[in-house]
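Novice: For reference, the file model.cif (mmCIF, C-alpha atoms) is included below:
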data_run
loop_
_atom_site.group_PDB
_atom_site.id
_atom_site.type_symbol
_atom_site.label_atom_id
_atom_site.label_comp_id
_atom_site.auth_asym_id
_atom_site.auth_seq_id
_atom_site.Cartn_x
_atom_site.Cartn_y
_atom_site.Cartn_z
ATOM 1 C CA MET T 1 -29.697 17.557 29.258
ATOM 2 C CA LYS T 2 -32.308 20.274 28.766
ATOM 3 C CA PRO T 3 -35.390 19.250 26.696
ATOM 4 C CA VAL T 4 -34.567 21.571 23.768
ATOM 5 C CA ALA T 5 -30.944 20.400 23.613
ATOM 6 C CA CYS T 6 -32.092 16.790 23.758
ATOM 7 C CA ILE T 7 -34.528 17.329 20.862
ATOM 8 C CA LEU T 8 -31.838 19.040 18.752
ATOM 9 C CA SER T 9 -29.386 16.236 19.462
ATOM 10 C CA CYS T 10 -31.903 13.662 18.292
ATOM 11 C CA LEU T 11 -32.691 15.672 15.157
ATOM 12 C CA PHE T 12 -29.007 15.930 14.226
ATOM 13 C CA ALA T 13 -28.598 12.195 14.643
ATOM 14 C CA VAL T 14 -31.703 11.378 12.595
ATOM 15 C CA CYS T 15 -30.688 13.752 9.816
ATOM 16 C CA GLY T 16 -27.221 12.264 9.575
ATOM 17 C CA LEU T 17 -25.620 15.415 10.921
ATOM 18 C CA ALA T 18 -23.963 13.749 13.886
ATOM 19 C CA ALA T 19 -20.273 14.210 14.558
ATOM 20 C CA ASP T 20 -17.798 12.788 12.045
ATOM 21 C CA PRO T 21 -16.765 9.186 12.688
ATOM 22 C CA PRO T 22 -13.612 8.717 14.753
ATOM 23 C CA LYS T 23 -10.359 8.786 12.849
ATOM 24 C CA LEU T 24 -8.773 5.469 11.943
ATOM 25 C CA PRO T 25 -5.539 4.686 13.812
ATOM 26 C CA VAL T 26 -2.715 3.661 11.479
ATOM 27 C CA LEU T 27 0.820 2.458 12.207
ATOM 28 C CA ILE T 28 3.759 3.016 9.828
ATOM 29 C CA ILE T 29 6.736 0.666 10.197
ATOM 30 C CA ASP T 30 10.201 1.850 9.130
ATOM 31 C CA GLY T 31 13.763 1.626 10.396
ATOM 32 C CA GLN T 32 15.508 -0.317 7.638
ATOM 33 C CA ASN T 33 15.230 -0.010 3.870
ATOM 34 C CA ASN T 34 17.485 0.095 0.838
ATOM 35 C CA HIS T 35 15.639 3.364 0.145
ATOM 36 C CA ASP T 36 15.679 6.578 2.178
ATOM 37 C CA TRP T 37 12.958 5.781 4.708
ATOM 38 C CA LYS T 38 13.896 8.822 6.778
ATOM 39 C CA SER T 39 12.620 11.066 3.976
ATOM 40 C CA THR T 40 9.704 8.925 2.740
ATOM 41 C CA THR T 41 8.042 8.062 6.061
ATOM 42 C CA PRO T 42 7.249 11.747 6.780
ATOM 43 C CA VAL T 43 5.622 12.013 3.326
ATOM 44 C CA LEU T 44 3.505 8.921 3.911
ATOM 45 C CA LYS T 45 2.499 10.281 7.302
ATOM 46 C CA ASP T 46 1.592 13.629 5.752
ATOM 47 C CA ALA T 47 -0.445 11.960 3.005
ATOM 48 C CA LEU T 48 -2.524 10.035 5.512
ATOM 49 C CA GLU T 49 -2.970 12.857 8.012
ATOM 50 C CA LYS T 50 -3.787 15.408 5.331
ATOM 51 C CA SER T 51 -6.832 13.343 4.357
ATOM 52 C CA GLY T 52 -8.361 13.986 7.771
ATOM 53 C CA ARG T 53 -9.345 10.321 8.026
ATOM 54 C CA PHE T 54 -6.430 8.912 10.046
ATOM 55 C CA THR T 55 -4.315 9.307 13.125
ATOM 56 C CA VAL T 56 -0.797 8.066 12.393
ATOM 57 C CA GLU T 57 1.940 6.679 14.589
ATOM 58 C CA VAL T 58 5.368 5.473 13.486
ATOM 59 C CA THR T 59 7.352 2.586 14.918
ATOM 60 C CA THR T 60 11.017 2.402 13.946
ATOM 61 C CA THR T 61 12.710 -0.977 14.172
ATOM 62 C CA PRO T 62 16.186 -1.481 15.595
ATOM 63 C CA SER T 63 19.003 -1.233 13.075
ATOM 64 C CA ASP T 64 20.432 -4.196 11.204
ATOM 65 C CA ARG T 65 23.280 -4.158 13.736
ATOM 66 C CA ALA T 66 21.007 -4.250 16.765
ATOM 67 C CA THR T 67 21.522 -6.687 19.604
ATOM 68 C CA PRO T 68 19.032 -9.445 20.404
ATOM 69 C CA GLU T 69 18.069 -7.429 23.478
ATOM 70 C CA GLN T 70 17.202 -4.402 21.332
ATOM 71 C CA TRP T 71 15.071 -6.543 19.044
ATOM 72 C CA ALA T 72 13.386 -8.149 22.043
ATOM 73 C CA ALA T 73 12.230 -4.690 23.125
ATOM 74 C CA TRP T 74 10.524 -4.011 19.761
ATOM 75 C CA ARG T 75 7.008 -5.381 20.057
ATOM 76 C CA PRO T 76 4.459 -3.325 18.090
ATOM 77 C CA GLU T 77 0.884 -3.620 19.372
ATOM 78 C CA PHE T 78 -0.697 -4.261 15.975
ATOM 79 C CA GLY T 79 -4.136 -4.760 17.473
ATOM 80 C CA LYS T 80 -4.332 -1.056 18.384
ATOM 81 C CA TYR T 81 -4.507 -0.094 14.703
ATOM 82 C CA LYS T 82 -6.956 -0.453 11.854
ATOM 83 C CA ALA T 83 -4.125 -0.651 9.320
ATOM 84 C CA VAL T 84 -0.357 -1.135 9.266
ATOM 85 C CA VAL T 85 1.713 0.540 6.536
ATOM 86 C CA SER T 86 5.096 -0.982 5.752
ATOM 87 C CA ASN T 87 7.940 1.257 4.629
ATOM 88 C CA TYR T 88 10.364 -1.469 5.703
ATOM 89 C CA ASN T 89 12.858 -3.633 3.858
ATOM 90 C CA GLY T 90 15.470 -5.184 6.111
ATOM 91 C CA VAL T 91 16.335 -8.074 8.362
ATOM 92 C CA LEU T 92 13.641 -10.525 9.335
ATOM 93 C CA TRP T 93 11.501 -9.543 12.303
ATOM 94 C CA PRO T 94 11.666 -11.636 15.481
ATOM 95 C CA MET T 95 9.468 -14.731 15.490
ATOM 96 C CA GLN T 96 7.128 -13.262 18.094
ATOM 97 C CA VAL T 97 6.525 -10.191 15.904
ATOM 98 C CA LYS T 98 6.058 -12.315 12.773
ATOM 99 C CA ILE T 99 3.424 -14.435 14.478
ATOM 100 C CA ALA T 100 1.662 -11.365 15.874
ATOM 101 C CA PHE T 101 1.627 -9.667 12.474
ATOM 102 C CA ASP T 102 0.322 -12.754 10.686
ATOM 103 C CA ASP T 103 -2.408 -13.126 13.303
ATOM 104 C CA TYR T 104 -3.269 -9.434 12.987
ATOM 105 C CA VAL T 105 -3.753 -9.455 9.209
ATOM 106 C CA ALA T 106 -5.366 -12.899 9.022
ATOM 107 C CA GLY T 107 -7.715 -11.866 11.814
ATOM 108 C CA GLY T 108 -9.035 -8.852 9.900
ATOM 109 C CA GLY T 109 -6.381 -6.145 10.136
ATOM 110 C CA GLY T 110 -5.454 -3.958 7.184
ATOM 111 C CA PHE T 111 -2.001 -4.016 5.611
ATOM 112 C CA VAL T 112 -0.466 -1.509 3.180
ATOM 113 C CA CYS T 113 2.707 -2.459 1.281
ATOM 114 C CA ILE T 114 4.645 0.459 -0.250
ATOM 115 C CA HIS T 115 7.347 0.104 -2.922
ATOM 116 C CA ALA T 116 10.446 -1.654 -1.518
ATOM 117 C CA ALA T 117 8.412 -3.257 1.265
ATOM 118 C CA ASN T 118 7.694 -5.849 -1.422
ATOM 119 C CA ASN T 119 11.421 -6.632 -1.522
ATOM 120 C CA ALA T 120 11.311 -7.732 2.112
ATOM 121 C CA PHE T 121 11.189 -11.222 3.596
ATOM 122 C CA PRO T 122 11.591 -13.472 0.523
ATOM 123 C CA ASP T 123 11.664 -16.578 2.752
ATOM 124 C CA TRP T 124 8.599 -15.735 4.863
ATOM 125 C CA PRO T 125 5.724 -17.597 3.121
ATOM 126 C CA GLN T 126 2.919 -15.810 4.954
ATOM 127 C CA TYR T 127 4.294 -12.389 4.098
ATOM 128 C CA ASN T 128 4.635 -13.298 0.436
ATOM 129 C CA ALA T 129 1.047 -14.556 0.441
ATOM 130 C CA MET T 130 -0.017 -11.177 1.857
ATOM 131 C CA ILE T 131 1.740 -9.033 -0.746
ATOM 132 C CA GLY T 132 1.088 -11.331 -3.719
ATOM 133 C CA LEU T 133 4.134 -10.203 -5.699
ATOM 134 C CA GLY T 134 7.649 -9.241 -4.655
ATOM 135 C CA GLY T 135 11.111 -8.683 -6.022
ATOM 136 C CA TRP T 136 14.797 -9.262 -5.333
ATOM 137 C CA GLY T 137 16.094 -11.090 -2.255
ATOM 138 C CA GLY T 138 16.702 -14.258 -4.283
ATOM 139 C CA ARG T 139 13.132 -14.542 -5.537
ATOM 140 C CA ASP T 140 12.828 -16.814 -8.572
ATOM 141 C CA GLU T 141 10.402 -19.279 -10.165
ATOM 142 C CA LYS T 142 10.112 -21.091 -6.832
ATOM 143 C CA SER T 143 8.558 -17.914 -5.429
ATOM 144 C CA GLY T 144 5.674 -17.981 -7.903
ATOM 145 C CA PRO T 145 4.876 -16.683 -11.387
ATOM 146 C CA TYR T 146 5.533 -13.336 -13.003
ATOM 147 C CA VAL T 147 2.253 -11.442 -13.346
ATOM 148 C CA TYR T 148 1.687 -8.888 -16.106
ATOM 149 C CA LEU T 149 -0.671 -7.963 -18.935
ATOM 150 C CA ARG T 150 -0.494 -9.357 -22.435
ATOM 151 C CA ASP T 151 -3.070 -8.351 -25.065
ATOM 152 C CA GLY T 152 -5.245 -6.880 -22.342
ATOM 153 C CA ALA T 153 -5.359 -10.043 -20.222
ATOM 154 C CA LEU T 154 -3.573 -10.902 -16.999
ATOM 155 C CA VAL T 155 -0.824 -13.486 -17.458
ATOM 156 C CA ARG T 156 0.709 -15.772 -14.823
ATOM 157 C CA ASP T 157 4.084 -16.608 -16.360
ATOM 158 C CA THR T 158 5.925 -19.534 -14.729
ATOM 159 C CA ALA T 159 9.105 -19.095 -16.806
ATOM 160 C CA PRO T 160 12.331 -19.402 -14.785
ATOM 161 C CA GLY T 161 14.204 -16.280 -13.831
ATOM 162 C CA PRO T 162 14.822 -13.766 -11.060
ATOM 163 C CA GLY T 163 12.070 -11.658 -9.551
ATOM 164 C CA GLY T 164 12.376 -7.898 -9.453
ATOM 165 C CA ASN T 165 13.731 -5.338 -11.900
ATOM 166 C CA HIS T 166 13.377 -1.702 -12.937
ATOM 167 C CA GLY T 167 14.835 0.721 -15.423
ATOM 168 C CA ALA T 168 15.775 4.378 -15.018
ATOM 169 C CA GLN T 169 13.329 6.573 -13.137
ATOM 170 C CA PHE T 170 10.807 8.425 -15.265
ATOM 171 C CA GLU T 171 7.283 9.844 -15.262
ATOM 172 C CA PHE T 172 4.902 7.110 -16.354
ATOM 173 C CA THR T 173 1.216 6.685 -17.034
ATOM 174 C CA VAL T 174 -0.933 4.593 -14.706
ATOM 175 C CA ASP T 175 -3.878 2.852 -16.390
ATOM 176 C CA LEU T 176 -6.899 1.345 -14.678
ATOM 177 C CA PHE T 177 -7.400 -2.355 -15.334
ATOM 178 C CA GLY T 178 -10.068 -4.945 -14.652
ATOM 179 C CA GLU T 179 -12.146 -3.958 -11.636
ATOM 180 C CA GLY T 180 -10.215 -0.699 -11.371
ATOM 181 C CA ALA T 181 -13.190 1.262 -12.684
ATOM 182 C CA THR T 182 -15.488 -0.066 -9.958
ATOM 183 C CA HIS T 183 -13.306 -0.982 -6.978
ATOM 184 C CA PRO T 184 -13.707 1.407 -4.011
ATOM 185 C CA ILE T 185 -10.036 2.457 -4.096
ATOM 186 C CA THR T 186 -9.907 3.484 -7.751
ATOM 187 C CA ARG T 187 -13.578 4.164 -8.518
ATOM 188 C CA GLY T 188 -13.908 7.703 -9.838
ATOM 189 C CA LEU T 189 -10.270 8.010 -10.915
ATOM 190 C CA PRO T 190 -9.550 8.755 -14.583
ATOM 191 C CA ALA T 191 -8.825 5.778 -16.808
ATOM 192 C CA SER T 192 -5.217 7.020 -17.145
ATOM 193 C CA TRP T 193 -3.085 9.524 -15.247
ATOM 194 C CA LYS T 194 0.544 10.601 -15.170
ATOM 195 C CA HIS T 195 2.598 9.588 -12.116
ATOM 196 C CA CYS T 196 5.667 11.562 -11.066
ATOM 197 C CA ARG T 197 9.288 10.425 -11.494
ATOM 198 C CA ASP T 198 9.645 7.002 -9.939
ATOM 199 C CA GLU T 199 11.072 3.532 -10.340
ATOM 200 C CA LEU T 200 8.663 1.358 -12.302
ATOM 201 C CA TYR T 201 9.032 -2.133 -10.873
ATOM 202 C CA ASP T 202 8.693 -4.950 -13.377
ATOM 203 C CA MET T 203 9.238 -8.729 -13.351
ATOM 204 C CA LEU T 204 7.747 -9.050 -9.876
ATOM 205 C CA ARG T 205 6.802 -12.584 -8.962
ATOM 206 C CA GLY T 206 5.116 -14.396 -6.096
ATOM 207 C CA PRO T 207 2.151 -16.576 -5.183
ATOM 208 C CA ALA T 208 -0.303 -13.922 -6.479
ATOM 209 C CA GLU T 209 -3.291 -15.693 -4.915
ATOM 210 C CA ASN T 210 -6.525 -13.947 -3.922
ATOM 211 C CA MET T 211 -5.150 -10.906 -5.757
ATOM 212 C CA LYS T 212 -6.792 -8.342 -8.035
ATOM 213 C CA VAL T 213 -4.803 -5.946 -10.202
ATOM 214 C CA LEU T 214 -6.586 -2.581 -10.352
ATOM 215 C CA ALA T 215 -4.024 -0.580 -12.358
ATOM 216 C CA THR T 216 -0.882 -1.093 -14.399
ATOM 217 C CA ALA T 217 1.934 0.901 -15.989
ATOM 218 C CA THR T 218 4.026 -0.035 -18.996
ATOM 219 C CA SER T 219 7.666 -0.763 -18.198
ATOM 220 C CA GLN T 220 10.311 0.771 -20.422
ATOM 221 C CA VAL T 221 12.305 -2.459 -19.905
ATOM 222 C CA THR T 222 9.776 -5.243 -20.470
ATOM 223 C CA GLN T 223 7.538 -3.152 -22.741
ATOM 224 C CA ARG T 224 4.486 -4.644 -21.064
ATOM 225 C CA PRO T 225 1.948 -3.396 -18.488
ATOM 226 C CA GLU T 226 3.074 -4.299 -14.971
ATOM 227 C CA PRO T 227 0.911 -4.237 -11.805
ATOM 228 C CA MET T 228 0.928 -0.879 -10.008
ATOM 229 C CA ILE T 229 -2.129 -1.134 -7.737
ATOM 230 C CA MET T 230 -3.128 -4.466 -6.226
ATOM 231 C CA VAL T 231 -5.547 -5.618 -3.548
ATOM 232 C CA LEU T 232 -5.508 -8.974 -1.810
ATOM 233 C CA ASP T 233 -7.501 -10.955 0.702
ATOM 234 C CA TYR T 234 -5.507 -12.642 3.441
ATOM 235 C CA GLY T 235 -7.685 -14.559 5.836
ATOM 236 C CA LYS T 236 -10.164 -11.978 7.090
ATOM 237 C CA GLY T 237 -7.726 -9.153 6.354
ATOM 238 C CA ARG T 238 -7.340 -6.799 3.404
ATOM 239 C CA VAL T 239 -4.057 -5.831 1.747
ATOM 240 C CA PHE T 240 -3.395 -2.812 -0.481
ATOM 241 C CA HIS T 241 -0.099 -3.008 -2.381
ATOM 242 C CA THR T 242 1.543 -0.448 -4.653
ATOM 243 C CA PRO T 243 5.105 -0.725 -6.019
ATOM 244 C CA MET T 244 5.109 3.057 -6.543
ATOM 245 C CA GLY T 245 6.905 5.384 -4.133
ATOM 246 C CA HIS T 246 10.686 5.107 -4.581
ATOM 247 C CA ALA T 247 11.624 8.462 -3.016
ATOM 248 C CA ASP T 248 9.994 11.477 -1.394
ATOM 249 C CA TYR T 249 9.711 13.176 -4.790
ATOM 250 C CA SER T 250 8.048 10.023 -6.161
ATOM 251 C CA MET T 251 5.316 10.377 -3.535
ATOM 252 C CA LYS T 252 4.645 14.111 -3.648
ATOM 253 C CA CYS T 253 1.972 14.072 -6.309
ATOM 254 C CA VAL T 254 -1.801 14.188 -5.992
ATOM 255 C CA GLY T 255 -2.203 10.829 -7.699
ATOM 256 C CA PHE T 256 0.023 9.002 -5.217
ATOM 257 C CA TYR T 257 -1.478 10.777 -2.197
ATOM 258 C CA THR T 258 -4.987 9.923 -3.346
ATOM 259 C CA VAL T 259 -4.268 6.265 -4.046
ATOM 260 C CA VAL T 260 -2.464 5.769 -0.722
ATOM 261 C CA GLN T 261 -5.192 7.554 1.243
ATOM 262 C CA ARG T 262 -7.992 5.586 -0.377
ATOM 263 C CA GLY T 263 -6.044 2.313 -0.362
ATOM 264 C CA THR T 264 -5.321 2.644 3.342
ATOM 265 C CA GLU T 265 -8.938 3.437 4.154
ATOM 266 C CA TRP T 266 -10.059 0.383 2.198
ATOM 267 C CA ALA T 267 -7.501 -1.839 3.931
ATOM 268 C CA ALA T 268 -8.706 -0.540 7.282
ATOM 269 C CA THR T 269 -12.475 -0.707 6.695
ATOM 270 C CA GLY T 270 -13.312 -2.464 3.426
ATOM 271 C CA ASP T 271 -14.834 0.735 2.044
ATOM 272 C CA VAL T 272 -13.728 4.178 0.872
ATOM 273 C CA THR T 273 -15.356 7.441 1.910
ATOM 274 C CA LEU T 274 -12.537 9.768 0.848
ATOM 275 C CA PRO T 275 -13.439 11.655 -2.341
ATOM 276 C CA VAL T 276 -11.313 11.929 -5.457
ATOM 277 C CA PRO T 277 -9.861 15.474 -5.522
ATOM 278 C CA ALA T 278 -11.449 17.863 -7.990
ATOM 279 C CA GLU T 279 -7.966 18.509 -9.364
ATOM 280 C CA PHE T 280 -6.225 15.289 -10.312
ATOM 281 C CA PRO T 281 -3.381 14.412 -12.699
ATOM 282 C CA THR T 282 -4.262 13.952 -16.339
ATOM 283 C CA ALA T 283 -2.846 11.460 -18.794
ATOM 284 C CA GLU T 284 -0.536 14.226 -19.986
ATOM 285 C CA ALA T 285 0.635 15.940 -16.813
ATOM 286 C CA VAL T 286 1.706 15.194 -13.248
ATOM 287 C CA LEU T 287 0.016 17.241 -10.506
ATOM 288 C CA PRO T 288 2.378 17.943 -7.573
ATOM 289 C CA VAL T 289 1.020 18.088 -4.028
ATOM 290 C CA PRO T 290 0.452 21.764 -3.096
#
Please go through the file and, once you have read it, give me the structure as structure tokens.

Specialist:
Amino acid sequence: MKPVACILSCLFAVCGLAADPPKLPVLIIDGQNNHDWKSTTPVLKDALEKSGRFTVEVTTTPSDRATPEQWAAWRPEFGKYKAVVSNYNGVLWPMQVKIAFDDYVAGGGGFVCIHAANNAFPDWPQYNAMIGLGGWGGRDEKSGPYVYLRDGALVRDTAPGPGGNHGAQFEFTVDLFGEGATHPITRGLPASWKHCRDELYDMLRGPAENMKVLATATSQVTQRPEPMIMVLDYGKGRVFHTPMGHADYSMKCVGFYTVVQRGTEWAATGDVTLPVPAEFPTAEAVLPVP
């Protein structure tokens, strides 16, 4: 390197003007879901790539009618990625994949659980510990408590009953709660903003350990604030969980894009560098993605 070029290179590095950090590799899992994963996975991929912070790959599982040989060929290399995003709700993964995924998250990998991914695997204890709360699939009081807000405080309700419910889709307001004002994912977001038409999950239940609720939304069924943005520690790993995101139209708003981008970065690194957009939904109006 010529002397002048060498000096300039050193100056750029000292001044913090070096090249941007490498993008974070992320893996999305789909292939089975009681929702239309073929339309929502491309939106999730777009949300992450549009941030400029991630490179995204997708792995699609065999179908629920696949042969054992087809399942034996599906072996995601979780260790290649800084975070794994689940858009999956279907048959249980092979034991080898389950063990690899548990090792990945517990060992420090990031995990992002989107909407119906919290319906998955009701009988897999490690997965339920990762997501904190889930619904359907036979979940009941044996799965853990209901978690919701009452009089501004988080309640762990051990009453018997099924886990998982929602009313008709509607636009609802998301409200920061607890550490939501200061946590890296939600820091800088307004105290309340309007989310686009979606299913508002309520009556979720699970172990809910090592879990923080950062935002809630009030269910039209239970008439109480239900968790909408959660973060969890699992071993050395970090988990970001949002029950929002029923359909492609439920994802195509600036609020959802922002939360998923920042939540995935946090799961991957433990910090958030992505800024809050200058234009963001208000408490009165949804802001569609341009």

Novice: If the PyMOL selection byres ((chain T and resi 279) around 12) were run on this exact file, what residues would it hold? Put them as a list in words.

Specialist: Leu189, Pro190, Trp193, Cys253, Val254, Gly255, Thr258, Pro275, Val276, Pro277, Ala278, Phe280, Pro281, Thr282, Ala285, Val286, Leu287, Pro288, Val289 and Pro290 of chain T

Novice: Spell out the residues picked by the PyMOL selection byres ((chain T and resi 48-51) around 9) here, as an mmCIF file with C-alpha atoms, in the frame of the given file.

Specialist:
data_model
loop_
_atom_site.group_PDB
_atom_site.id
_atom_site.type_symbol
_atom_site.label_atom_id
_atom_site.label_comp_id
_atom_site.auth_asym_id
_atom_site.auth_seq_id
_atom_site.Cartn_x
_atom_site.Cartn_y
_atom_site.Cartn_z
ATOM 1 C CA VAL T 26 -2.715 3.661 11.479
ATOM 2 C CA VAL T 43 5.622 12.013 3.326
ATOM 3 C CA LEU T 44 3.505 8.921 3.911
ATOM 4 C CA LYS T 45 2.499 10.281 7.302
ATOM 5 C CA ASP T 46 1.592 13.629 5.752
ATOM 6 C CA ALA T 47 -0.445 11.960 3.005
ATOM 7 C CA GLY T 52 -8.361 13.986 7.771
ATOM 8 C CA ARG T 53 -9.345 10.321 8.026
ATOM 9 C CA PHE T 54 -6.430 8.912 10.046
ATOM 10 C CA THR T 55 -4.315 9.307 13.125
ATOM 11 C CA VAL T 56 -0.797 8.066 12.393
ATOM 12 C CA TYR T 257 -1.478 10.777 -2.197
ATOM 13 C CA THR T 258 -4.987 9.923 -3.346
ATOM 14 C CA VAL T 260 -2.464 5.769 -0.722
ATOM 15 C CA GLN T 261 -5.192 7.554 1.243
ATOM 16 C CA THR T 264 -5.321 2.644 3.342
ATOM 17 C CA LEU T 274 -12.537 9.768 0.848
#

Novice: On this structure, which residues satisfy the PyMOL selection byres ((chain T and resi 27) around 12), written as a PyMOL selection string?

Specialist: chain T and resi 24-26+28-30+41+44-45+48-49+54-60+76-87+109-112+264+268

Novice: Identify, on the basis of all atoms listed in the file, every residue whose closest approach to segment 156-165 of chain T does not exceed 9 Å; exclude the query and any residue fewer than 5 positions from it along the same chain; express the result as a PDB file with C-alpha atoms, in the coordinates of the input.

Specialist:
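selection16.pdb, freshly written:
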ATOM      1  CA  ASN T 119      11.421  -6.632  -1.522  1.00  0.00           C
ATOM      2  CA  LEU T 133       4.134 -10.203  -5.699  1.00  0.00           C
ATOM      3  CA  GLY T 134       7.649  -9.241  -4.655  1.00  0.00           C
ATOM      4  CA  GLY T 135      11.111  -8.683  -6.022  1.00  0.00           C
ATOM      5  CA  TRP T 136      14.797  -9.262  -5.333  1.00  0.00           C
ATOM      6  CA  GLY T 137      16.094 -11.090  -2.255  1.00  0.00           C
ATOM      7  CA  GLY T 138      16.702 -14.258  -4.283  1.00  0.00           C
ATOM      8  CA  ARG T 139      13.132 -14.542  -5.537  1.00  0.00           C
ATOM      9  CA  ASP T 140      12.828 -16.814  -8.572  1.00  0.00           C
ATOM     10  CA  GLU T 141      10.402 -19.279 -10.165  1.00  0.00           C
ATOM     11  CA  LYS T 142      10.112 -21.091  -6.832  1.00  0.00           C
ATOM     12  CA  SER T 143       8.558 -17.914  -5.429  1.00  0.00           C
ATOM     13  CA  GLY T 144       5.674 -17.981  -7.903  1.00  0.00           C
ATOM     14  CA  PRO T 145       4.876 -16.683 -11.387  1.00  0.00           C
ATOM     15  CA  TYR T 146       5.533 -13.336 -13.003  1.00  0.00           C
ATOM     16  CA  VAL T 147       2.253 -11.442 -13.346  1.00  0.00           C
ATOM     17  CA  TYR T 148       1.687  -8.888 -16.106  1.00  0.00           C
ATOM     18  CA  LEU T 149      -0.671  -7.963 -18.935  1.00  0.00           C
ATOM     19  CA  LEU T 200       8.663   1.358 -12.302  1.00  0.00           C
ATOM     20  CA  TYR T 201       9.032  -2.133 -10.873  1.00  0.00           C
ATOM     21  CA  ASP T 202       8.693  -4.950 -13.377  1.00  0.00           C
ATOM     22  CA  MET T 203       9.238  -8.729 -13.351  1.00  0.00           C
ATOM     23  CA  LEU T 204       7.747  -9.050  -9.876  1.00  0.00           C
ATOM     24  CA  ARG T 205       6.802 -12.584  -8.962  1.00  0.00           C
ATOM     25  CA  GLY T 206       5.116 -14.396  -6.096  1.00  0.00           C
ATOM     26  CA  ALA T 208      -0.303 -13.922  -6.479  1.00  0.00           C
ATOM     27  CA  VAL T 221      12.305  -2.459 -19.905  1.00  0.00           C
TER      28      VAL T 221
END

Novice: Between atom CA of Val91 of chain T and atom CA of Ser219 of chain T, what is the distance, to one decimal in Å?

Specialist: 28.9 Å

Novice: Would you mind listing what lies within 8 Å of Asn34 of chain T as a list in words, with all atoms listed in the file counted and same-chain residues fewer than 5 positions away left out?

Specialist: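 Selected residues are Asn89, Gly90 and Ala116 of chain T.
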
Novice: Show me, as an NGL selection string, the residues that have an atom within 10 Å of Trp71 of chain T when counting only C-alpha atoms, minus same-chain residues fewer than 4 positions from it.

Specialist: :T and (61-64 or 66-67 or 75 or 93-94 or 97)
